[in-house]
Amino acid sequence: MTTAQQVKTTYREAMRAAIREALQKDERVFLMGEDVGSYGGCFAVSLGLLEEFGPERIRDTPLSESAFVGAGIGAAMAGMRPIVEIMTVNFSLLALDQILNNAATLLHMSGGQCNVPLVIRMTTGAGRQVAAQHSHSLEGWYTHIPGIKVLAPATLEDARGMLWTALQDPDPVLIFEHGSLYNLQGMIAADAGPVDIRSARVRREGGDVSLITYGGTLGKTLSAADQLAADGIEAEVIDLRSLRPLDDVTIMASVAKTHRAVIVDEGWRTGSLSAEVCARMTEQAFYELDAPVARVCSAEVPMPYPRHLEEAALPQAERIAVAAREAVG
Amino acid sequence: MTRAGGDALTANTAQPDTAKPDTAHRKELLRQMLLIRRFEEKCVELYSAAQIRGFVHLYIGEEAVAVGVNQALTPDDAIVSTYREHGHALVRGLPLESVMAEMYGKTTGCSRGRGGSMHLFDVSRRFYGGNAIVGGGLPLAIGIALADRMRGAERVTACFFGDGAVAEGEFHECMNLAALWDLPVLFCCENNLYAMGTALSRAQAQTDLALRAGTYGMSAWSADGMDVLAVEHAARRAAEAVRAGGGPHFLELRTYRFRAHSMYDPELYRDKAEVEQWRQRDPIDMLAGRLRNAGELPDDELTAMESDIADRIDASVAAARAAPDEPIEDLTTFVYSPESS
């Protein structure tokens with residue numbers, strides 16, 4: 001087999017290519033959200049799609065999160081395959097009633113009749129000095145909810161490939177795109193396509209400590225692994241990819257190999273996704289552990305504006321490396 | 001297409017059609033209202049006997065709204081309803097047995113017992129619940145109508161909600177979006193004057209709800225929700241306009257709930273005299289009275305109608321009691337679709 005041709009792309013372009021492909025392949029698919037059309041998307045993800053597909057399928061909405069998310073749910077129930085874009089996770093709270101009380105609940109509440117094949121995309125995370133109402137990582141909250149699936153593409157391949165698989169899912173899928181990733185640049189197979197949305201991936205192999213993360217902190221965690229390697233510590237980096245359901249098998253296999261774990265999560269520590277991963281380790285791999293599980297999370301403050309305070313509040317490669325060294329002992 | 005926003009200002013009350021609906025049709029309306037009334041009276045009895053539990057929001061007094069509006073809908077149209085939806089479900093044609101079984105939480109219930117009184121569903125009849133977050137069904141109706149519009153289907157989505165929902169932000173969002181996108185939604189506001197225990201005038205700065213809806217640029221008018229013929233007339237007029245591509249329409253159906261908000265409440269928020277006054281306009285008594293006065297409803301015919309309904313309800317209770325429970329092993333079934341997990 002010849003190696004597939006590689007092309008240069010960005011996370012933003014990969015996401016746009018995924019949306020375009022979905023619109024081309026399935027006439028039931030349409031994109032709806034604030035400024036997705038004329039503006040080209042708040043993060044320019046959908047730039048050019050209005051011209052290509054027209055206003056029926058690239059649908060600018062008023063600032064009515066609850067109405068357009070709920071409309072996505074209704075349209076999905078009635079046979080369409082909507083992609084709803086919410087500008088950021090912070091604004092998704094205005095639609096939380098629809099996501100929790102309808103999207104996640106209708107199938108069970110109707111005794112199996114009303115499945116909701118809806119994909120909701122939104123930006124998450126900090127790092128751009130946009131302060132306390134545009135910077136939080138609330139995807140961990142969403143993982144609390146049975147009935148939905150939660151994805152966090154952290155690589156170009158996942159930005160390109162998760163959307164189509166999510167659209168094939170009969171149930172609601174939330175995709176969290178970390179705002180710092182859109183300019184991520186690299187090479188990708190020219191024929192890159194759908195990827196699975198169930199499994200975690202080992203992004204770097206190592207035998208000394210497992211660093212478990214997802215989304216916007218994958219890059220920082222890989223940097224920390226490089227720093228650790230310089231000290232002779234081989235870290236294994238796990239990218240969770242799917243935050244609900246969690247791929248327990250891959251997590252526990254890594255812990256069984258390294259016997260030490262650090263969880264890196266940009267969410268606040270208390271009641272977080274990192275807490276859930278930690279709890280599962282104690283339930284499923286307690287006797288494999290040779291050291292307490294460590295967590296590197298965001299400081300428990302509303303995100304401050306100044307760069308130095310924002311950086312101090314967020315997980316950084318240096319802090320991850322320190323936590324890993326302590327775990328290794 | 002133009003929107004007749006001024007309609008609300010000029011035509012706040014629809015007048016009953018001067019053409020007299022035929023007797024058989026009126027008797028059918030009566031029969032449907034009686035079925036809802038007797039079904040719910042049975043629910044009260046069963047609740048008192050602890051046979052059924054949870055919240056049970058009675059529609060008693062408001063039957064003319066569901067029955068009248070349904071006359072304007074085809075089986076292809078969709079309905080999105082509230083937690084006070086027994087009436088909508090029954091007139092939509094959900095089998096009485098499946099609704100009663102749902103009250104019992106049985107496998108044979110229309111939502112396999114998982115929903116209960118507030119969450120009746122039947123997708124095969126395009127009956128999309130059964131939504132118990134006030135205002136939460138409006139966005140769903142918008143979406144169903146959007147799907148129909150995008151596929152060129154000439155269908156109407158009827159969306160029922162109460163006066164309480166008008167205070168919700170979702171009401172504003174959805175009225176605006178439906179009008180902006182010219183979606184085929186028939187908004188049916190069941191104004192029973194109370195959001196649970198809060199009177200309309202204590203919750204709304206503008207109590208003329210049709211006037212309010214008209215400001216969104218859609219045709220809106222009010223009808224006497226105690227008069228099933230007036231409701232039918234208003235609904236036909238509105239649904240035909242929606243179906244013809246006239247965009248969303250809003251109907252305020254002025255009605256009254258004779259019973260407590262849910263099964264029991266002390267009703268401290270309203271005068272007994274007020275309730276009694278509304279009872280004088282009981283939609284069933286009014287229609288039956290008209291038929292009797294016209295010599296079109298002999299006593300024995302009404303007795304036979306009542307007896308048939310009673311038999312059917314008793315049979316539905318017996319069937320629900322005998323039906324199996326959902327097995328506990330299936331507790332988490334339907335959290336995700338089978339093909340997804």
# chains A, B, ... in the order shown; residues from 1 in each chain; ligands from 1
call {"tool": "residues_around", "arguments": {"residues": "Leu118 in chain A", "least_positions_apart": "4", "cutoff": "12 Å", "atoms": "only C-alpha atoms", "output": "PyMOL selection string"}}
result
(chain A and resi 28-32+69-85+99+102-104+114+147-149+163-175) or (chain B and resi 143)
call {"tool": "residues_around", "arguments": {"residues": "Gly112 in chain A", "least_positions_apart": "2", "cutoff": "10 Å", "atoms": "only C-alpha atoms", "output": "short mmCIF file (atom, residue, chain, number, x, y, z; two decimals) with N, CA and C atoms, in the first residue's frame"}}
result
data_model
loop_
_atom_site.label_atom_id
_atom_site.label_comp_id
_atom_site.auth_asym_id
_atom_site.auth_seq_id
_atom_site.Cartn_x
_atom_site.Cartn_y
_atom_site.Cartn_z
N LEU A 106 -35.86 12.96 25.45
CA LEU A 106 -37.05 12.60 24.66
C LEU A 106 -37.11 11.11 24.32
N LEU A 107 -35.99 10.52 24.00
CA LEU A 107 -36.02 9.11 23.58
C LEU A 107 -36.56 8.23 24.70
N HIS A 108 -36.02 8.43 25.89
CA HIS A 108 -36.43 7.59 27.01
C HIS A 108 -37.86 7.91 27.45
N MET A 109 -38.14 9.20 27.55
CA MET A 109 -39.44 9.67 28.03
C MET A 109 -40.57 9.24 27.10
N SER A 110 -40.25 9.03 25.82
CA SER A 110 -41.27 8.63 24.86
C SER A 110 -41.27 7.11 24.66
N CYS A 114 -38.89 8.80 20.15
CA CYS A 114 -38.36 10.07 19.65
C CYS A 114 -36.85 10.14 19.76
N ASN A 115 -36.14 9.54 18.82
CA ASN A 115 -34.69 9.76 18.85
C ASN A 115 -34.37 11.09 18.20
N SER B 111 -46.14 5.61 25.99
CA SER B 111 -44.70 5.88 26.13
C SER B 111 -44.04 4.75 26.92
N ARG B 112 -44.63 3.56 26.82
CA ARG B 112 -44.15 2.35 27.51
C ARG B 112 -44.03 2.58 29.01
N ARG B 114 -42.90 5.01 30.59
CA ARG B 114 -41.77 5.80 31.08
C ARG B 114 -42.11 7.27 31.22
N PHE B 121 -46.77 10.27 24.26
CA PHE B 121 -46.17 10.40 22.92
C PHE B 121 -46.78 9.37 21.99
N THR B 333 -32.89 0.95 29.00
CA THR B 333 -33.21 0.91 27.58
C THR B 333 -33.77 2.27 27.17
N PHE B 334 -33.47 2.69 25.98
CA PHE B 334 -33.98 3.95 25.42
C PHE B 334 -33.25 5.19 25.95
N VAL B 335 -32.17 4.98 26.72
CA VAL B 335 -31.34 6.15 27.04
C VAL B 335 -30.60 6.55 25.77
N TYR B 336 -30.11 5.50 25.07
CA TYR B 336 -29.56 5.69 23.72
C TYR B 336 -30.29 4.73 22.79
N SER B 337 -30.29 5.06 21.52
CA SER B 337 -30.92 4.19 20.54
C SER B 337 -30.16 2.87 20.48
N PRO B 338 -30.86 1.76 20.20
CA PRO B 338 -30.17 0.47 20.19
C PRO B 338 -28.99 0.45 19.22
#
call {"tool": "residues_around", "arguments": {"residues": "Val185 in chain B", "least_positions_apart": "5", "cutoff": "12 Å", "atoms": "only C-alpha atoms", "output": "PyMOL selection string"}}
result
chain B and resi 73+77-80+138-149+154-160+174-175+177-179+218-219+235+238-251
call {"tool": "closest_residue", "arguments": {"among": "A:Ala4, A:Val130, A:Ala225, A:Val255", "to": "Tyr305 in chain A", "atoms": "only C-alpha atoms"}}
result
A:Val130
call {"tool": "select_by_dssp", "arguments": {"residues": "range 71-303 of chain A", "states": "strand (DSSP E or B)", "output": "PyMOL selection string"}}
result
chain A and resi 81-88+119-124+149-151+173-178+185-189+201-204+209-213+235-239+242-244+261-268+294-298
call {"tool": "write_last_selection", "arguments": {"atoms": "C-alpha atoms", "output": "PDB file, in the first residue's frame"}}
result
ATOM      1  CA  ARG A  81     -29.928  16.001  10.288  1.00  0.00           C
ATOM      2  CA  PRO A  82     -29.184  19.474  11.645  1.00  0.00           C
ATOM      3  CA  ILE A  83     -25.784  20.734  12.690  1.00  0.00           C
ATOM      4  CA  VAL A  84     -26.418  23.455  15.239  1.00  0.00           C
ATOM      5  CA  GLU A  85     -23.541  25.774  16.057  1.00  0.00           C
ATOM      6  CA  ILE A  86     -23.519  27.596  19.391  1.00  0.00           C
ATOM      7  CA  MET A  87     -20.922  30.330  19.399  1.00  0.00           C
ATOM      8  CA  THR A  88     -19.390  29.275  22.716  1.00  0.00           C
ATOM      9  CA  VAL A 119     -25.175  17.438  16.266  1.00  0.00           C
ATOM     10  CA  ILE A 120     -24.407  20.540  18.322  1.00  0.00           C
ATOM     11  CA  ARG A 121     -20.987  22.125  17.835  1.00  0.00           C
ATOM     12  CA  MET A 122     -19.587  24.757  20.126  1.00  0.00           C
ATOM     13  CA  THR A 123     -16.341  26.413  21.082  1.00  0.00           C
ATOM     14  CA  THR A 124     -14.956  25.921  24.546  1.00  0.00           C
ATOM     15  CA  LYS A 149     -22.603  11.925  23.651  1.00  0.00           C
ATOM     16  CA  VAL A 150     -19.785  14.394  24.139  1.00  0.00           C
ATOM     17  CA  LEU A 151     -16.767  14.666  21.849  1.00  0.00           C
ATOM     18  CA  VAL A 173     -23.910  14.426  19.931  1.00  0.00           C
ATOM     19  CA  LEU A 174     -22.149  17.527  21.306  1.00  0.00           C
ATOM     20  CA  ILE A 175     -18.811  18.475  19.760  1.00  0.00           C
ATOM     21  CA  PHE A 176     -16.551  20.791  21.760  1.00  0.00           C
ATOM     22  CA  GLU A 177     -13.945  22.653  19.741  1.00  0.00           C
ATOM     23  CA  HIS A 178     -11.307  24.364  21.867  1.00  0.00           C
ATOM     24  CA  GLN A 185      -1.707  23.661  11.362  1.00  0.00           C
ATOM     25  CA  GLY A 186      -0.289  20.437  10.023  1.00  0.00           C
ATOM     26  CA  MET A 187      -0.407  17.723   7.430  1.00  0.00           C
ATOM     27  CA  ILE A 188      -3.331  15.410   6.984  1.00  0.00           C
ATOM     28  CA  ALA A 189      -4.086  12.612   4.543  1.00  0.00           C
ATOM     29  CA  ARG A 201      -6.161   7.200  21.626  1.00  0.00           C
ATOM     30  CA  VAL A 202      -2.609   6.815  22.831  1.00  0.00           C
ATOM     31  CA  ARG A 203      -0.964   9.924  21.348  1.00  0.00           C
ATOM     32  CA  ARG A 204       2.442   9.077  22.754  1.00  0.00           C
ATOM     33  CA  VAL A 209       3.343   7.648  33.876  1.00  0.00           C
ATOM     34  CA  SER A 210      -0.016   8.086  32.107  1.00  0.00           C
ATOM     35  CA  LEU A 211      -1.010  11.660  31.254  1.00  0.00           C
ATOM     36  CA  ILE A 212      -4.709  11.666  30.464  1.00  0.00           C
ATOM     37  CA  THR A 213      -6.263  14.645  28.753  1.00  0.00           C
ATOM     38  CA  ALA A 235       5.111   9.557  29.721  1.00  0.00           C
ATOM     39  CA  GLU A 236       2.195   7.948  27.914  1.00  0.00           C
ATOM     40  CA  VAL A 237      -0.301  10.526  26.668  1.00  0.00           C
ATOM     41  CA  ILE A 238      -3.938   9.494  26.336  1.00  0.00           C
ATOM     42  CA  ASP A 239      -6.343  11.667  24.353  1.00  0.00           C
ATOM     43  CA  SER A 242     -14.965  10.886  23.625  1.00  0.00           C
ATOM     44  CA  LEU A 243     -15.833  12.402  27.008  1.00  0.00           C
ATOM     45  CA  ARG A 244     -19.145  10.571  27.195  1.00  0.00           C
ATOM     46  CA  ALA A 261      -1.570   8.757  36.379  1.00  0.00           C
ATOM     47  CA  VAL A 262      -2.014  12.496  36.016  1.00  0.00           C
ATOM     48  CA  ILE A 263      -5.274  13.847  34.630  1.00  0.00           C
ATOM     49  CA  VAL A 264      -5.174  17.172  32.822  1.00  0.00           C
ATOM     50  CA  ASP A 265      -8.498  18.984  32.461  1.00  0.00           C
ATOM     51  CA  GLU A 266      -9.100  22.650  31.690  1.00  0.00           C
ATOM     52  CA  GLY A 267     -12.353  22.524  33.649  1.00  0.00           C
ATOM     53  CA  TRP A 268     -12.506  23.517  37.301  1.00  0.00           C
ATOM     54  CA  ALA A 294      -2.856  13.613  40.417  1.00  0.00           C
ATOM     55  CA  ARG A 295      -4.923  16.249  38.682  1.00  0.00           C
ATOM     56  CA  VAL A 296      -3.956  19.423  36.888  1.00  0.00           C
ATOM     57  CA  CYS A 297      -7.040  21.584  36.404  1.00  0.00           C
ATOM     58  CA  SER A 298      -7.915  25.244  36.072  1.00  0.00           C
TER      59      SER A 298
END
call {"tool": "closest_residue", "arguments": {"among": "A:Gln316, A:Ser137, A:Thr250, A:Thr10", "to": "Ala285 in chain A", "atoms": "only C-alpha atoms"}}
result
A:Thr250
call {"tool": "closest_residue", "arguments": {"among": "A:Ala317, A:Gln133, A:Asp35, A:Ala256", "to": "Gln227 in chain A", "atoms": "only C-alpha atoms"}}
result
A:Ala317
call {"tool": "decode", "arguments": {"residues": "range 67-117 of chain B", "atoms": "N, CA and C atoms", "output": "tab-separated table (two decimals), in the first residue's frame"}}
result
chain	number	residue	atom	x	y	z
B	67	VAL	N	-60.62	19.70	21.32
B	67	VAL	CA	-61.56	19.12	20.35
B	67	VAL	C	-61.76	20.06	19.16
B	68	GLY	N	-61.91	21.33	19.43
B	68	GLY	CA	-62.15	22.29	18.36
B	68	GLY	C	-60.95	22.44	17.44
B	69	VAL	N	-59.76	22.58	18.04
B	69	VAL	CA	-58.56	22.76	17.21
B	69	VAL	C	-58.30	21.52	16.36
B	70	ASN	N	-58.50	20.36	16.95
B	70	ASN	CA	-58.20	19.13	16.22
B	70	ASN	C	-59.02	18.99	14.94
B	71	GLN	N	-60.18	19.61	14.91
B	71	GLN	CA	-61.01	19.54	13.70
B	71	GLN	C	-60.30	20.15	12.49
B	72	ALA	N	-59.38	21.05	12.77
B	72	ALA	CA	-58.71	21.77	11.69
B	72	ALA	C	-57.44	21.06	11.22
B	73	LEU	N	-57.11	19.94	11.88
B	73	LEU	CA	-55.85	19.26	11.57
B	73	LEU	C	-56.09	17.98	10.79
B	74	THR	N	-55.12	17.61	9.97
B	74	THR	CA	-55.16	16.33	9.26
B	74	THR	C	-54.22	15.36	9.98
B	75	PRO	N	-54.33	14.07	9.68
B	75	PRO	CA	-53.41	13.11	10.32
B	75	PRO	C	-51.94	13.38	10.01
B	76	ASP	N	-51.69	14.10	8.94
B	76	ASP	CA	-50.32	14.42	8.54
B	76	ASP	C	-49.73	15.59	9.33
B	77	ASP	N	-50.59	16.38	9.94
B	77	ASP	CA	-50.12	17.51	10.73
B	77	ASP	C	-49.50	16.99	12.03
B	78	ALA	N	-48.76	17.85	12.69
B	78	ALA	CA	-48.11	17.46	13.95
B	78	ALA	C	-48.72	18.23	15.12
B	79	ILE	N	-48.63	17.62	16.30
B	79	ILE	CA	-49.05	18.31	17.52
B	79	ILE	C	-47.91	18.27	18.53
B	80	VAL	N	-47.62	19.41	19.12
B	80	VAL	CA	-46.72	19.49	20.26
B	80	VAL	C	-47.55	20.04	21.41
B	81	SER	N	-47.54	19.34	22.52
B	81	SER	CA	-48.44	19.72	23.60
B	81	SER	C	-47.69	19.93	24.91
B	82	THR	N	-48.45	20.09	25.95
B	82	THR	CA	-47.91	20.41	27.27
B	82	THR	C	-48.10	19.23	28.21
B	83	TYR	N	-47.93	19.49	29.50
B	83	TYR	CA	-48.16	18.45	30.51
B	83	TYR	C	-49.65	18.31	30.82
B	84	ARG	N	-50.49	19.19	30.28
B	84	ARG	CA	-51.93	19.08	30.49
B	84	ARG	C	-52.51	18.60	29.16
B	85	GLU	N	-52.10	17.38	28.75
B	85	GLU	CA	-52.31	16.99	27.37
B	85	GLU	C	-53.19	15.76	27.16
B	86	HIS	N	-53.88	15.29	28.20
B	86	HIS	CA	-54.74	14.12	27.99
B	86	HIS	C	-55.73	14.37	26.86
B	87	GLY	N	-56.28	15.57	26.85
B	87	GLY	CA	-57.30	15.91	25.86
B	87	GLY	C	-56.73	15.92	24.45
B	88	HIS	N	-55.57	16.54	24.29
B	88	HIS	CA	-54.96	16.60	22.96
B	88	HIS	C	-54.65	15.20	22.45
B	89	ALA	N	-54.15	14.36	23.36
B	89	ALA	CA	-53.76	13.00	22.97
B	89	ALA	C	-54.98	12.19	22.53
B	90	LEU	N	-56.04	12.30	23.32
B	90	LEU	CA	-57.23	11.49	23.01
B	90	LEU	C	-57.88	11.95	21.70
B	91	VAL	N	-57.98	13.24	21.47
B	91	VAL	CA	-58.61	13.68	20.22
B	91	VAL	C	-57.71	13.39	19.02
B	92	ARG	N	-56.43	13.30	19.28
B	92	ARG	CA	-55.50	12.98	18.19
B	92	ARG	C	-55.66	11.53	17.76
B	93	GLY	N	-56.30	10.74	18.60
B	93	GLY	CA	-56.53	9.35	18.22
B	93	GLY	C	-55.61	8.36	18.90
B	94	LEU	N	-54.86	8.81	19.89
B	94	LEU	CA	-54.10	7.83	20.67
B	94	LEU	C	-55.12	6.89	21.30
B	95	PRO	N	-54.90	5.58	21.19
B	95	PRO	CA	-55.89	4.66	21.75
B	95	PRO	C	-56.08	4.91	23.24
B	96	LEU	N	-57.33	4.95	23.64
B	96	LEU	CA	-57.66	5.16	25.05
B	96	LEU	C	-56.89	4.20	25.95
B	97	GLU	N	-56.80	2.94	25.50
B	97	GLU	CA	-56.12	1.92	26.30
B	97	GLU	C	-54.65	2.30	26.53
B	98	SER	N	-54.01	2.85	25.49
B	98	SER	CA	-52.58	3.15	25.63
B	98	SER	C	-52.37	4.38	26.51
B	99	VAL	N	-53.33	5.29	26.51
B	99	VAL	CA	-53.21	6.46	27.39
B	99	VAL	C	-53.46	6.04	28.84
B	100	MET	N	-54.48	5.24	29.05
B	100	MET	CA	-54.75	4.77	30.41
B	100	MET	C	-53.59	3.92	30.94
B	101	ALA	N	-53.04	3.07	30.07
B	101	ALA	CA	-51.91	2.23	30.51
B	101	ALA	C	-50.71	3.10	30.87
B	102	GLU	N	-50.56	4.23	30.17
B	102	GLU	CA	-49.46	5.14	30.50
B	102	GLU	C	-49.67	5.74	31.89
B	103	MET	N	-50.93	6.01	32.23
B	103	MET	CA	-51.21	6.54	33.57
B	103	MET	C	-50.79	5.52	34.64
B	104	TYR	N	-50.90	4.25	34.27
B	104	TYR	CA	-50.51	3.19	35.19
B	104	TYR	C	-49.01	2.86	35.10
B	105	GLY	N	-48.31	3.48	34.15
B	105	GLY	CA	-46.88	3.20	33.99
B	105	GLY	C	-46.58	1.82	33.45
B	106	LYS	N	-47.49	1.32	32.61
B	106	LYS	CA	-47.33	-0.05	32.11
B	106	LYS	C	-46.67	-0.08	30.73
B	107	THR	N	-46.15	-1.24	30.40
B	107	THR	CA	-45.49	-1.47	29.12
B	107	THR	C	-46.38	-1.13	27.93
B	108	THR	N	-47.67	-1.33	28.08
B	108	THR	CA	-48.60	-1.08	26.98
B	108	THR	C	-48.97	0.40	26.86
B	109	GLY	N	-48.40	1.23	27.73
B	109	GLY	CA	-48.66	2.66	27.65
B	109	GLY	C	-48.06	3.27	26.39
B	110	CYS	N	-48.60	4.42	26.00
B	110	CYS	CA	-48.16	5.03	24.75
B	110	CYS	C	-46.70	5.47	24.80
B	111	SER	N	-46.14	5.61	25.99
B	111	SER	CA	-44.70	5.88	26.13
B	111	SER	C	-44.04	4.75	26.92
B	112	ARG	N	-44.63	3.56	26.82
B	112	ARG	CA	-44.15	2.35	27.51
B	112	ARG	C	-44.03	2.58	29.01
B	113	GLY	N	-44.87	3.47	29.50
B	113	GLY	CA	-44.90	3.69	30.94
B	113	GLY	C	-43.81	4.60	31.45
B	114	ARG	N	-42.90	5.01	30.59
B	114	ARG	CA	-41.77	5.80	31.08
B	114	ARG	C	-42.11	7.27	31.22
B	115	GLY	N	-43.19	7.69	30.61
B	115	GLY	CA	-43.52	9.12	30.62
B	115	GLY	C	-44.53	9.48	31.69
B	116	GLY	N	-45.61	8.70	31.78
B	116	GLY	CA	-46.68	9.04	32.70
B	116	GLY	C	-47.58	10.12	32.12
B	117	SER	N	-48.41	10.65	32.98
B	117	SER	CA	-49.44	11.62	32.58
B	117	SER	C	-48.89	12.79	31.76
